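> Sharing a structure here in structure tokens format.
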Number of protein chains: 2
Amino acid sequence: MTKRRYRIDIAYDGTNYAGWQVQPNGVTVQEMLQKALTRLTAAKVKVHGSGRTDRGVHARKQVAHFDLAGPRNTVALRRGLNGVLPPDIRVLAVRRVSSEFHARRSAIGKEYRYFIWNAEEVPPELRLYRTRVRVSLDIDRMRKAAKRLVGRRDFAAFTANPSRPVASTTRTLEELRITKKGPEIVIVAKGEGFLYKMVRSLAGFLVRVGTGDEEPSETAQIIESRVRTSRVKTAPPEGLFLWNVRY
Amino acid sequence: MTKRRYRIDIAYDGTNYAGWQVQPNGVTVQEMLQKALTRLTAAKVKVHGSGRTDRGVHARKQVAHFDLAGPRNTVALRRGLNGVLPPDIRVLAVRRVSSEFHARRSAIGKEYRYFIWNAEEVPPELRLYRTRVRVSLDIDRMRKAAKRLVGRRDFAAFTANPSRPVASTTRTLEELRITKKGPEIVIVAKGEGFLYKMVRSLAGFLVRVGTGDEEPSETAQIIESRVRTSRVKTAPPEGLFLWNVRY
């Protein structure tokens with residue numbers, strides 16, 4: 001039977017998951033989706049995401065694709081999936097796509113948002129979705145450093161050792177914008193692609209600049225060193241959201 | 001020994017509490033605070049709140065007072081309380097106040113915010129803090145009705161039968177503002193005081209106006225009827241936050 005390809009847009013609260021990708025230790029979002037699809041269609045279905053998210057990282061919009069035999073009503077598929085998925089994973093949209101569409105390979109860009117709550121205490125309802133920073137952050141300093149990070153660069157100093165080695169650590173960071181509203185600081189990162197733990201590394205470095213532990217003027221030197229050192233910290237996962245995937 | 005009075009500002013995620021006030025069925029926020037104070041001071045302490053919040057309602061800022069024997073460092077008290085309280089209740093500030101201060105009687109106004117997510121699905125991380133409304137809401141209609149609710153009025157049609165009868169159902173609603181940003185609609189209600197379930201009743205009515213089930217022009221008639229009918233629904237608790245108490 002001819003298989004048809006579907007694209008799904010999903011959102012998830014990553015608190016209780018061992019990240020996106022199926023793995024032996026812990027329940028993952030990909031696994032939950034595959035099980036939900038199997039429950040609905042009685043077939044084994046492989047779900048391909050636009051990329052992985054780490055343990056504890058959230059998504060306002062992750063995109064994936066999968067193939068199903070026979071025609072399917074996309075509204076019924078969305079509702080059916082939301083009926084069997086737990087409330088911390090929601091399918092926002094399901095649409096039929098051409099068999100050329102590939103969630104990872106067709107993606108032309110991604111947006112991540114890193115949320116910081118710069119105060120003594122995080123409001124309780126946000127405690128699992130904001131990174132608390134108690135020391136007052138200097139946004140102007142952070143913006144100066146962010147400006148120096150934007151562009152096509154070798155970001156080897158802003159990644160962690162990946163489980164699989166990558167061919168190149170050069171990426172184009174299209175935008176690195178910092179907004180502040182009361183105690184909430186948001187780091188918006190847009191690019192065609194990101195290295196393993198790159199956004200959390202950028203956020204961790206920017207926080208150190210904001211506290212005064214690093215100078216904005218030393219950003220270029222750190223990039224050019226191409227070596228990951230303790231000057232670049234990996235910020236905790238709970239503040240990070242995959243916000244959008246562009247096609 | 002002379003007792004000294006302290007004011008505390010607290011925030012809480014009301015999801016797992018049977019409201020503010022101590023009661024036989026279920027754990028309450030007041031009870032948690034009293035137990036935490038007893039653990040810290042080895043004394044029986046009565047905590048007086050600015051008012052009650054219902055089961056499942058949240059607070060970005062609730063204010064309370066209590067008396068303790070002997071001098072206390074307020075910073076140590078805040079940290080000590082946060083050390084023994086669960087993460088869904090946070091003490092934002094502790095300050096020494098005059099013995100004339102009374103959390104309820106000294107309050108001159110309150111602000112509540114009711115959060116609606118007007119879309120098919122609520123982002124998973126907000127699922128316990130937003131009320132989902134799937135039918136598209138007409139904000140202009142809601143604003144027209146809100147304008148007619150503001151002022152000093154008898155709000156008998158917008159309250160539920162309280163556990164203790166009140167002397168008067170007349171209140172001054174100083175402000176009833178509706179903001180919209182993407183799928184998020186926020187109803188901001190400010191007043192000197194509110195009746196039992198009044199904000200949720202106002203929100204429930206405004207939602208019916210927004211869906212087209214009620215006309216903004218009939219608002220005055222409903223107020224003047226002074227009778228609670230099914231035309232005024234009580235909106236669910238999860239969207240409601242006590243946002244501020246003014247002194």
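All residue names refer to the structure tokens as shown: chains lettered A, B, ... in order, residues numbered from 1 in each chain, ligands numbered from 1 in order.
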For the reference chain B, what are the coordinates of chain A after least-squares fitting (all Cα, in-order pairing), as a short mmCIF file (atom, residue, chain, number, x, y, z; two decimals) with C-alpha atoms, in the first residue's frame?

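Once written, out08.cif looks like this:
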data_model
loop_
_atom_site.label_atom_id
_atom_site.label_comp_id
_atom_site.auth_asym_id
_atom_site.auth_seq_id
_atom_site.Cartn_x
_atom_site.Cartn_y
_atom_site.Cartn_z
CA MET A 1 7.90 38.68 75.73
CA THR A 2 6.90 41.46 73.35
CA LYS A 3 5.62 40.19 70.05
CA ARG A 4 6.70 41.80 66.82
CA ARG A 5 4.62 41.86 63.68
CA TYR A 6 5.90 40.77 60.27
CA ARG A 7 4.46 41.15 56.82
CA ILE A 8 5.23 38.45 54.24
CA ASP A 9 4.68 38.62 50.49
CA ILE A 10 4.22 35.16 49.03
CA ALA A 11 3.64 33.57 45.64
CA TYR A 12 2.13 30.17 45.08
CA ASP A 13 1.16 27.65 42.47
CA GLY A 14 -2.35 26.76 43.68
CA THR A 15 -2.61 23.53 41.65
CA ASN A 16 -2.06 21.21 44.59
CA TYR A 17 -3.79 23.22 47.33
CA ALA A 18 -7.34 23.41 48.63
CA GLY A 19 -7.06 27.20 48.52
CA TRP A 20 -5.60 29.65 51.00
CA GLN A 21 -7.56 29.11 54.17
CA VAL A 22 -7.04 26.21 56.60
CA GLN A 23 -9.87 23.71 56.23
CA PRO A 24 -10.50 20.07 57.13
CA ASN A 25 -10.42 18.68 53.58
CA GLY A 26 -7.09 19.12 51.88
CA VAL A 27 -3.84 20.95 52.42
CA THR A 28 -3.95 24.76 52.20
CA VAL A 29 -1.34 27.48 51.72
CA GLN A 30 -2.09 29.12 55.08
CA GLU A 31 -1.55 25.77 56.79
CA MET A 32 1.78 25.22 55.00
CA LEU A 33 3.00 28.66 56.10
CA GLN A 34 1.90 28.12 59.70
CA LYS A 35 3.67 24.74 59.81
CA ALA A 36 6.82 26.23 58.29
CA LEU A 37 6.83 29.03 60.88
CA THR A 38 6.32 26.53 63.69
CA ARG A 39 9.21 24.46 62.39
CA LEU A 40 11.47 27.53 62.35
CA THR A 41 10.40 29.11 65.64
CA ALA A 42 9.08 26.17 67.68
CA ALA A 43 6.01 28.33 68.43
CA LYS A 44 2.40 28.12 67.33
CA VAL A 45 1.96 30.92 64.79
CA LYS A 46 -1.28 32.15 63.22
CA VAL A 47 -0.89 33.58 59.72
CA HIS A 48 -3.46 36.18 58.61
CA GLY A 49 -3.87 36.60 54.85
CA SER A 50 -5.19 39.58 52.90
CA GLY A 51 -8.08 37.34 51.89
CA ARG A 52 -8.78 33.83 50.70
CA THR A 53 -8.08 32.32 47.34
CA ASP A 54 -10.09 29.31 46.17
CA ARG A 55 -8.93 25.78 45.51
CA GLY A 56 -6.60 25.75 42.48
CA VAL A 57 -6.20 29.54 42.26
CA HIS A 58 -2.62 30.84 42.07
CA ALA A 59 -0.92 33.92 43.52
CA ARG A 60 1.88 36.04 42.13
CA LYS A 61 1.59 38.10 45.27
CA GLN A 62 -0.47 37.32 48.34
CA VAL A 63 0.24 39.27 51.52
CA ALA A 64 -0.06 38.02 55.09
CA HIS A 65 1.05 39.00 58.58
CA PHE A 66 1.97 37.14 61.76
CA ASP A 67 3.46 37.91 65.17
CA LEU A 68 6.64 36.42 66.60
CA ALA A 69 8.22 36.77 69.99
CA GLY A 70 11.69 38.31 70.06
CA PRO A 71 13.67 40.01 67.29
CA ARG A 72 14.17 38.24 63.96
CA ASN A 73 16.38 38.89 61.01
CA THR A 74 13.94 39.25 58.11
CA VAL A 75 16.37 37.96 55.45
CA ALA A 76 17.11 34.88 57.56
CA LEU A 77 13.37 34.42 58.10
CA ARG A 78 12.67 34.56 54.34
CA ARG A 79 15.47 32.11 53.54
CA GLY A 80 14.51 29.84 56.42
CA LEU A 81 10.89 29.70 55.29
CA ASN A 82 11.87 29.01 51.69
CA GLY A 83 14.13 26.27 52.98
CA VAL A 84 11.28 24.37 54.62
CA LEU A 85 8.40 25.27 52.27
CA PRO A 86 7.77 23.17 49.15
CA PRO A 87 8.84 24.71 45.81
CA ASP A 88 5.24 25.62 44.87
CA ILE A 89 5.09 28.20 47.69
CA ARG A 90 7.75 30.94 47.77
CA VAL A 91 8.24 33.75 50.23
CA LEU A 92 9.21 36.81 48.17
CA ALA A 93 9.78 39.23 51.04
CA VAL A 94 9.55 39.49 54.81
CA ARG A 95 9.51 42.86 56.54
CA ARG A 96 8.96 44.11 60.06
CA VAL A 97 5.75 46.18 60.29
CA SER A 98 3.97 48.15 62.97
CA SER A 99 1.47 46.28 65.13
CA GLU A 100 -1.25 48.37 63.44
CA PHE A 101 -0.64 46.62 60.13
CA HIS A 102 -3.28 44.02 59.29
CA ALA A 103 -2.98 42.07 56.02
CA ARG A 104 -6.74 42.12 55.41
CA ARG A 105 -7.94 45.32 57.09
CA SER A 106 -5.03 47.51 55.96
CA ALA A 107 -5.37 46.47 52.31
CA ILE A 108 -6.70 49.28 50.12
CA GLY A 109 -6.97 47.34 46.89
CA LYS A 110 -6.33 44.12 45.02
CA GLU A 111 -5.43 43.12 41.51
CA TYR A 112 -6.39 39.81 39.95
CA ARG A 113 -5.39 38.56 36.50
CA TYR A 114 -7.33 35.92 34.64
CA PHE A 115 -5.35 34.17 31.87
CA ILE A 116 -7.07 32.63 28.86
CA TRP A 117 -5.36 30.71 26.05
CA ASN A 118 -7.61 31.10 23.03
CA ALA A 119 -6.50 28.24 20.80
CA GLU A 120 -6.98 24.57 20.12
CA GLU A 121 -4.20 23.54 22.52
CA VAL A 122 -2.44 25.25 25.44
CA PRO A 123 1.39 25.06 25.38
CA PRO A 124 2.18 22.15 27.75
CA GLU A 125 4.21 24.24 30.21
CA LEU A 126 1.20 26.56 30.67
CA ARG A 127 -1.47 23.84 30.92
CA LEU A 128 -2.05 24.32 34.67
CA TYR A 129 -2.00 28.15 34.52
CA ARG A 130 -4.21 29.08 31.60
CA THR A 131 -7.88 28.45 30.85
CA ARG A 132 -8.27 27.06 27.38
CA VAL A 133 -11.04 28.53 25.24
CA ARG A 134 -11.21 26.93 21.81
CA VAL A 135 -13.92 29.14 20.28
CA SER A 136 -12.36 32.32 18.89
CA LEU A 137 -13.11 35.24 21.23
CA ASP A 138 -14.11 38.69 19.99
CA ILE A 139 -12.03 41.04 22.14
CA ASP A 140 -13.89 44.18 21.05
CA ARG A 141 -17.16 42.74 22.33
CA MET A 142 -15.49 41.71 25.61
CA ARG A 143 -14.05 45.22 26.05
CA LYS A 144 -17.49 46.79 25.49
CA ALA A 145 -19.01 44.60 28.21
CA ALA A 146 -16.03 45.23 30.53
CA LYS A 147 -16.55 48.99 30.25
CA ARG A 148 -20.12 48.54 31.51
CA LEU A 149 -18.95 46.53 34.54
CA VAL A 150 -16.47 49.09 35.86
CA GLY A 151 -17.61 51.36 38.70
CA ARG A 152 -19.37 51.14 42.04
CA ARG A 153 -22.14 48.60 41.57
CA ASP A 154 -24.12 45.87 43.25
CA PHE A 155 -22.36 42.75 41.93
CA ALA A 156 -24.85 40.23 43.39
CA ALA A 157 -25.24 38.74 39.88
CA PHE A 158 -21.46 38.13 39.74
CA THR A 159 -20.87 36.23 42.97
CA ALA A 160 -21.58 32.72 44.20
CA ASN A 161 -23.26 31.86 47.47
CA PRO A 162 -20.54 32.48 50.02
CA SER A 163 -19.92 30.15 52.96
CA ARG A 164 -20.52 33.19 55.18
CA PRO A 165 -23.18 35.74 54.09
CA VAL A 166 -21.87 39.25 53.35
CA ALA A 167 -23.41 42.51 54.56
CA SER A 168 -23.35 44.08 51.12
CA THR A 169 -22.72 42.91 47.57
CA THR A 170 -21.78 46.41 46.42
CA ARG A 171 -18.16 46.80 45.39
CA THR A 172 -16.10 49.26 43.38
CA LEU A 173 -14.50 47.71 40.31
CA GLU A 174 -11.80 50.27 39.52
CA GLU A 175 -10.50 48.68 36.36
CA LEU A 176 -11.40 45.76 34.09
CA ARG A 177 -8.92 45.75 31.25
CA ILE A 178 -8.52 43.11 28.55
CA THR A 179 -5.23 42.58 26.75
CA LYS A 180 -4.46 40.20 23.91
CA LYS A 181 -1.09 39.04 22.64
CA GLY A 182 -1.29 36.17 20.18
CA PRO A 183 -3.53 33.47 21.67
CA GLU A 184 -3.14 34.85 25.21
CA ILE A 185 -5.97 36.97 26.57
CA VAL A 186 -5.56 38.53 30.01
CA ILE A 187 -8.39 40.06 32.04
CA VAL A 188 -6.95 42.48 34.60
CA ALA A 189 -9.36 43.32 37.45
CA LYS A 190 -8.55 45.96 40.05
CA GLY A 191 -10.74 47.00 42.95
CA GLU A 192 -10.82 47.81 46.63
CA GLY A 193 -12.31 44.39 47.29
CA PHE A 194 -14.00 41.49 45.54
CA LEU A 195 -16.92 39.22 46.38
CA TYR A 196 -16.67 35.42 46.59
CA LYS A 197 -15.84 34.07 43.09
CA MET A 198 -16.42 37.53 41.62
CA VAL A 199 -13.39 37.63 39.32
CA ARG A 200 -14.11 34.15 37.95
CA SER A 201 -17.75 35.18 37.41
CA LEU A 202 -16.70 38.34 35.56
CA ALA A 203 -14.28 36.25 33.46
CA GLY A 204 -16.95 33.61 32.79
CA PHE A 205 -19.42 36.26 31.63
CA LEU A 206 -16.83 38.04 29.46
CA VAL A 207 -15.97 34.74 27.75
CA ARG A 208 -19.66 34.24 26.91
CA VAL A 209 -19.74 37.76 25.46
CA GLY A 210 -16.59 36.99 23.47
CA THR A 211 -18.07 33.84 21.96
CA GLY A 212 -21.27 35.68 21.02
CA ASP A 213 -23.52 33.93 23.56
CA GLU A 214 -24.22 37.24 25.32
CA GLU A 215 -24.54 40.81 24.04
CA PRO A 216 -22.34 43.55 25.56
CA SER A 217 -25.45 45.76 25.62
CA GLU A 218 -27.17 43.39 28.06
CA THR A 219 -24.48 43.79 30.70
CA ALA A 220 -26.31 46.58 32.57
CA GLN A 221 -29.49 44.52 32.67
CA ILE A 222 -27.66 41.53 34.16
CA ILE A 223 -25.99 43.72 36.81
CA GLU A 224 -29.33 45.37 37.66
CA SER A 225 -31.13 42.02 38.00
CA ARG A 226 -28.96 41.37 41.09
CA VAL A 227 -29.64 37.67 40.58
CA ARG A 228 -27.04 35.10 39.72
CA THR A 229 -28.21 33.02 36.75
CA SER A 230 -26.60 30.56 34.34
CA ARG A 231 -25.86 33.51 32.02
CA VAL A 232 -22.91 34.17 34.31
CA LYS A 233 -20.59 31.15 34.47
CA THR A 234 -17.80 30.73 37.00
CA ALA A 235 -14.63 30.42 34.92
CA PRO A 236 -12.26 27.61 36.05
CA PRO A 237 -9.72 28.34 38.83
CA GLU A 238 -6.52 27.47 36.96
CA GLY A 239 -6.55 30.70 34.91
CA LEU A 240 -6.79 32.95 37.97
CA PHE A 241 -3.89 34.66 39.76
CA LEU A 242 -4.08 37.00 42.73
CA TRP A 243 -1.55 39.44 41.25
CA ASN A 244 -1.08 42.15 43.84
CA VAL A 245 -2.42 43.56 47.12
CA ARG A 246 -2.11 47.29 47.68
CA TYR A 247 -1.57 48.96 51.07
#
> So which bits of region 5-245 of chain A end up alpha helix (DSSP H) when you DSSP the backbone, as a ChimeraX atom specification?
/A:29-41,74-84,139-149,198-211,219-225
> Would you give me, as number ranges by chain, the residues in chain A that DSSP reads as strand (DSSP E or B)?
A: 3-12, 48-49, 58-69, 89-97, 109-117, 131-132, 151-154, 170-181, 184-191, 240-246
